[in-house]
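J.: First the structure, which I've put down as structure tokens, then a few questions once you've had a look.
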Amino acid sequence: MNILLSVPYLGRILVSLVGILVFQKLTKSLGLALVMGSLIIALWTGHSFASMGDIVFDRLVSLDTLFLAFVVAGVIWLSSLMSEAGMMKDLVASLKSRLSRKNLLAVLPAVVGLLPMPAGALFSAPLLDDADGGKTLSQMQKTRINYWFRHVWEFWWPLYPGVLLAVDLSGLPIWKLVCLMAPLFFAASAAGYVCLLRGLPPGGTESAARTGRAFFPLILPTLTVIAVYGLLLVAFPVLGHINKYLPMVIGIVCGIAVLQIQRPASGAVWKKVLSSKRTFSLVIIVILARIYGAFIEAKLPGGNLLMESLRAELDTFGIPVLLLIVIIPFVSGLTTGITVGYIGASFPLVLSLAGPDTGGLFATIVLGYGCGFIGMMLSPIHVCLIVTNEYYKTNLFESLAGILRPALFVFACAALYSFAWSFFQ
């Protein structure tokens, strides 16, 4: 027992994450794997069953969980209603008449990625299915393409809460952070093309029957969600203070309303969409992922936060400052699975390390942000990865294995870009 308790917190966190991958592979149930991963980290960090119950209860009854559950369900409802109305097929056909097949596969999840919603990859997954009309891609290929290109905007798109938090913590004007981080967007896009799209079969051509479809009306429900979300953040910031997911909830409701005006769904269609077992299953899985996150965010029995104890351990190990800027955001991304999580958990410390030895503020932001992004993309509790695997019925471990190459490509670009900035500080 003493040997187990002497394991550093970093080791305990990594074991719990590996446990999720192993249990998912053994049981074929991601929900059960998330439960086991939560038990590992909870018990190994000293929580009693009573405190575990309190943490789980607090997470279940929180407004964040309530609104997040509605966002996930709302995304599924909106995409299902669009599919039932034939808009998914029309959208894919419209883009097919304008883009090559490889560009189409990248653009579909990227367009949806403009919408900073949890589980947004679930919205684009059916689009890729429609784009692969000839069924020339494997489910695993579609999983990796959908997951990767959904997130290429995470570095600079100003609607993302993580970007806004980075602006707040760094003190940079938003335009300056956007310009600073935009090159990593191109690096991520290039990584996806080189590692995931190059070498794919060309596929068939679209029939001329649908090529005349106008593009804008087909994305109007999605654009409505984005526009309403952005407008509410700017004009009514108090809504975001009530709950960070509330503006998105309102945006999704408005998007569904626009869709209902465009192509009204019958009562039978609404019943089919609202009673879908897949919706219920995915909402449960997302909630289980949040419960794992609650144990990462919770205070240890001694009163310290787990991430604070982790930082103190890394400091006592005598790790060089540059490696801390790499490790802390990476581990934060790995354990939270969301941009705002790794920015919030790591940037207060990472930015305090910025100085002559690290190449200055810009170099530190670039390297820390890039490493956090890689950790987030490789996290087995990333909601988009979870829902994409559930949709395509693919294996979590194999999905992450295929993401490793583009992730390393982005890391190399971030490191070189950060090194270049160190000469200008």
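Labels used: A, B, ... for chains in the order of the structure tokens, numbers from 1 for residues in each chain, and numbers from 1 for ligands as shown.
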Pull the alpha helix (DSSP H) assignments for segment 219-416 of chain A out of DSSP run on the backbone, and list those residues as a count of residues only.

T.: 159

J.: Excluding Ala125 of chain A and its own-chain neighbours fewer than 3 positions away, which residues fall within 10 Å of it when counting only C-alpha atoms? Please give them as a list in words.

T.: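 Non-adjacent residues within range: Ser79, Leu108, Pro109, Val112, Gly120, Ala121, Leu122, Leu128, Asp129, Asp130, Ala131, Lys142, Thr143, Ile145, Asn146, Tyr147, Arg150, Val387, Thr388, Asn389, Tyr391 and Tyr392 of chain A.
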
J.: Since we have the selection now, will you write its residues out, keeping N, CA and C atoms, as an mmCIF file, in the first residue's frame?

T.:
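Result file follows (part-v7.cif):
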data_model
loop_
_atom_site.group_PDB
_atom_site.id
_atom_site.type_symbol
_atom_site.label_atom_id
_atom_site.label_comp_id
_atom_site.auth_asym_id
_atom_site.auth_seq_id
_atom_site.Cartn_x
_atom_site.Cartn_y
_atom_site.Cartn_z
ATOM 1 N N SER A 79 -29.058 17.851 -35.685
ATOM 2 C CA SER A 79 -28.480 17.097 -36.801
ATOM 3 C C SER A 79 -29.452 16.030 -37.299
ATOM 4 N N LEU A 108 -16.113 19.490 -44.299
ATOM 5 C CA LEU A 108 -17.367 19.202 -43.594
ATOM 6 C C LEU A 108 -17.214 19.292 -42.071
ATOM 7 N N PRO A 109 -16.270 18.570 -41.451
ATOM 8 C CA PRO A 109 -16.115 18.734 -40.000
ATOM 9 C C PRO A 109 -15.565 20.104 -39.613
ATOM 10 N N VAL A 112 -18.430 22.638 -39.383
ATOM 11 C CA VAL A 112 -19.144 22.427 -38.130
ATOM 12 C C VAL A 112 -18.285 22.885 -36.951
ATOM 13 N N GLY A 120 -19.546 18.626 -30.737
ATOM 14 C CA GLY A 120 -19.863 19.096 -32.077
ATOM 15 C C GLY A 120 -19.477 18.120 -33.164
ATOM 16 N N ALA A 121 -18.499 17.247 -32.866
ATOM 17 C CA ALA A 121 -18.104 16.247 -33.853
ATOM 18 C C ALA A 121 -19.251 15.305 -34.176
ATOM 19 N N LEU A 122 -20.203 15.198 -33.264
ATOM 20 C CA LEU A 122 -21.367 14.356 -33.514
ATOM 21 C C LEU A 122 -22.236 14.936 -34.627
ATOM 22 N N LEU A 128 -20.060 13.226 -42.933
ATOM 23 C CA LEU A 128 -19.010 12.409 -43.549
ATOM 24 C C LEU A 128 -19.581 11.107 -44.099
ATOM 25 N N ASP A 129 -20.551 10.562 -43.401
ATOM 26 C CA ASP A 129 -21.202 9.355 -43.915
ATOM 27 C C ASP A 129 -21.836 9.622 -45.277
ATOM 28 N N ASP A 130 -22.522 10.761 -45.390
ATOM 29 C CA ASP A 130 -23.149 11.112 -46.662
ATOM 30 C C ASP A 130 -22.098 11.396 -47.734
ATOM 31 N N ALA A 131 -20.985 12.006 -47.319
ATOM 32 C CA ALA A 131 -19.925 12.312 -48.288
ATOM 33 C C ALA A 131 -19.267 11.045 -48.812
ATOM 34 N N LYS A 142 -12.972 7.475 -41.029
ATOM 35 C CA LYS A 142 -13.930 8.562 -40.835
ATOM 36 C C LYS A 142 -13.879 9.095 -39.409
ATOM 37 N N THR A 143 -13.643 8.210 -38.451
ATOM 38 C CA THR A 143 -13.503 8.645 -37.061
ATOM 39 C C THR A 143 -12.356 9.640 -36.920
ATOM 40 N N ILE A 145 -10.678 11.384 -39.278
ATOM 41 C CA ILE A 145 -10.849 12.606 -40.085
ATOM 42 C C ILE A 145 -11.836 13.546 -39.412
ATOM 43 N N ASN A 146 -12.959 13.005 -38.976
ATOM 44 C CA ASN A 146 -13.987 13.824 -38.351
ATOM 45 C C ASN A 146 -13.460 14.475 -37.073
ATOM 46 N N TYR A 147 -12.778 13.697 -36.254
ATOM 47 C CA TYR A 147 -12.277 14.189 -34.977
ATOM 48 C C TYR A 147 -11.208 15.257 -35.164
ATOM 49 N N ARG A 150 -12.404 18.673 -37.006
ATOM 50 C CA ARG A 150 -13.363 19.399 -36.166
ATOM 51 C C ARG A 150 -12.653 20.405 -35.265
ATOM 52 N N VAL A 387 -17.895 10.775 -28.540
ATOM 53 C CA VAL A 387 -19.127 10.662 -29.323
ATOM 54 C C VAL A 387 -18.842 10.194 -30.752
ATOM 55 N N THR A 388 -17.667 10.558 -31.303
ATOM 56 C CA THR A 388 -17.316 10.087 -32.642
ATOM 57 C C THR A 388 -17.106 8.572 -32.639
ATOM 58 N N ASN A 389 -16.411 8.071 -31.610
ATOM 59 C CA ASN A 389 -16.230 6.622 -31.499
ATOM 60 C C ASN A 389 -17.553 5.900 -31.307
ATOM 61 N N TYR A 391 -20.471 6.956 -32.362
ATOM 62 C CA TYR A 391 -21.246 7.045 -33.605
ATOM 63 C C TYR A 391 -20.773 6.010 -34.620
ATOM 64 N N TYR A 392 -19.463 5.924 -34.801
ATOM 65 C CA TYR A 392 -18.917 5.009 -35.809
ATOM 66 C C TYR A 392 -18.625 3.612 -35.255
#

J.: Write out as a list in words which residues come within 9 Å of Met248 of chain A when counting only C-alpha atoms, dropping same-chain ones fewer than 5 positions away.

T.: Phe67, Val71, Pro116, Met117, Val225, Ile226, Val228, Tyr229, Gly230, Leu232 and Val253 of chain A

J.: Contacts of segment 31-34 of chain A at 6 Å or less, counting only C-alpha atoms, minus same-chain residues fewer than 5 places along, as a ChimeraX atom specification?

T.: /A:20,23-24,285

J.: Neighbouring residues of segment 240-243 of chain A were defined as those with any atom within 12 Å, considering only C-alpha atoms; residues of the same chain fewer than 6 positions away were excluded. Please report them as an mmCIF file with C-alpha atoms, in the first residue's frame.

T.:
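After the write, selection.cif holds the following:
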data_model
loop_
_atom_site.group_PDB
_atom_site.id
_atom_site.type_symbol
_atom_site.label_atom_id
_atom_site.label_comp_id
_atom_site.auth_asym_id
_atom_site.auth_seq_id
_atom_site.Cartn_x
_atom_site.Cartn_y
_atom_site.Cartn_z
ATOM 1 C CA SER A 62 -24.583 21.343 -11.259
ATOM 2 C CA LEU A 63 -25.957 23.760 -13.824
ATOM 3 C CA ASP A 64 -22.946 23.041 -16.026
ATOM 4 C CA THR A 65 -23.914 19.383 -16.269
ATOM 5 C CA LEU A 66 -27.578 20.196 -16.873
ATOM 6 C CA PHE A 67 -26.894 22.660 -19.679
ATOM 7 C CA LEU A 68 -24.120 20.519 -21.173
ATOM 8 C CA PRO A 161 -14.145 29.923 -24.730
ATOM 9 C CA TYR A 229 -24.243 32.419 -29.673
ATOM 10 C CA GLY A 230 -21.825 35.176 -30.705
ATOM 11 C CA LEU A 231 -24.467 37.904 -30.422
ATOM 12 C CA LEU A 232 -25.456 36.830 -26.922
ATOM 13 C CA LEU A 233 -21.822 36.779 -25.767
ATOM 14 C CA VAL A 234 -21.329 40.340 -27.011
ATOM 15 C CA VAL A 249 -28.422 26.353 -25.489
ATOM 16 C CA ILE A 250 -30.336 29.406 -26.729
#

J.: Using only C-alpha atoms, pick whichever of A:Ser80, A:Phe215, A:Gly370, A:Phe185 has the shortest atom-to-atom distance to Lys271 of chain A.

T.: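 The shortest atom-to-atom distance to Lys271 of chain A comes from A:Ser80.
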
J.: For a test of reading the model, state the distance in Å between atom CA of Leu21 of chain A and atom CA of Ala42 of chain A, rounded to one decimal.

T.: 17.1 Å

J.: If we count only C-alpha atoms and set the cut-off at 10 Å, which residues sit around Leu220 of chain A, ignoring sequence neighbours fewer than 4 positions away in its own chain? Please answer as a PyMOL selection string.

T.: chain A and resi 215-216+224-227+255+258-259+262

J.: Mind giving me the straight-line distance from atom CA of Leu378 of chain A to atom CA of Asn395 of chain A in Å, one decimal?

T.: 13.6 Å

J.: Between atom CA of Lys244 of chain A and atom CA of Asp58 of chain A, what distance in Å does the model show, to one decimal?

T.: 17.3 Å

J.: Using only C-alpha atoms, which of A:His151, A:Ala294, A:Lys272, A:Tyr342 sits nearest Ser51 of chain A?

T.: A:Ala294

J.: Could you check which of A:Ser422, A:Leu416, A:Ala401, A:Ala268 is closest to Cys195 of chain A, using only C-alpha atoms?

T.: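 Selected residue with least distance to Cys195 of chain A: A:Ala401.
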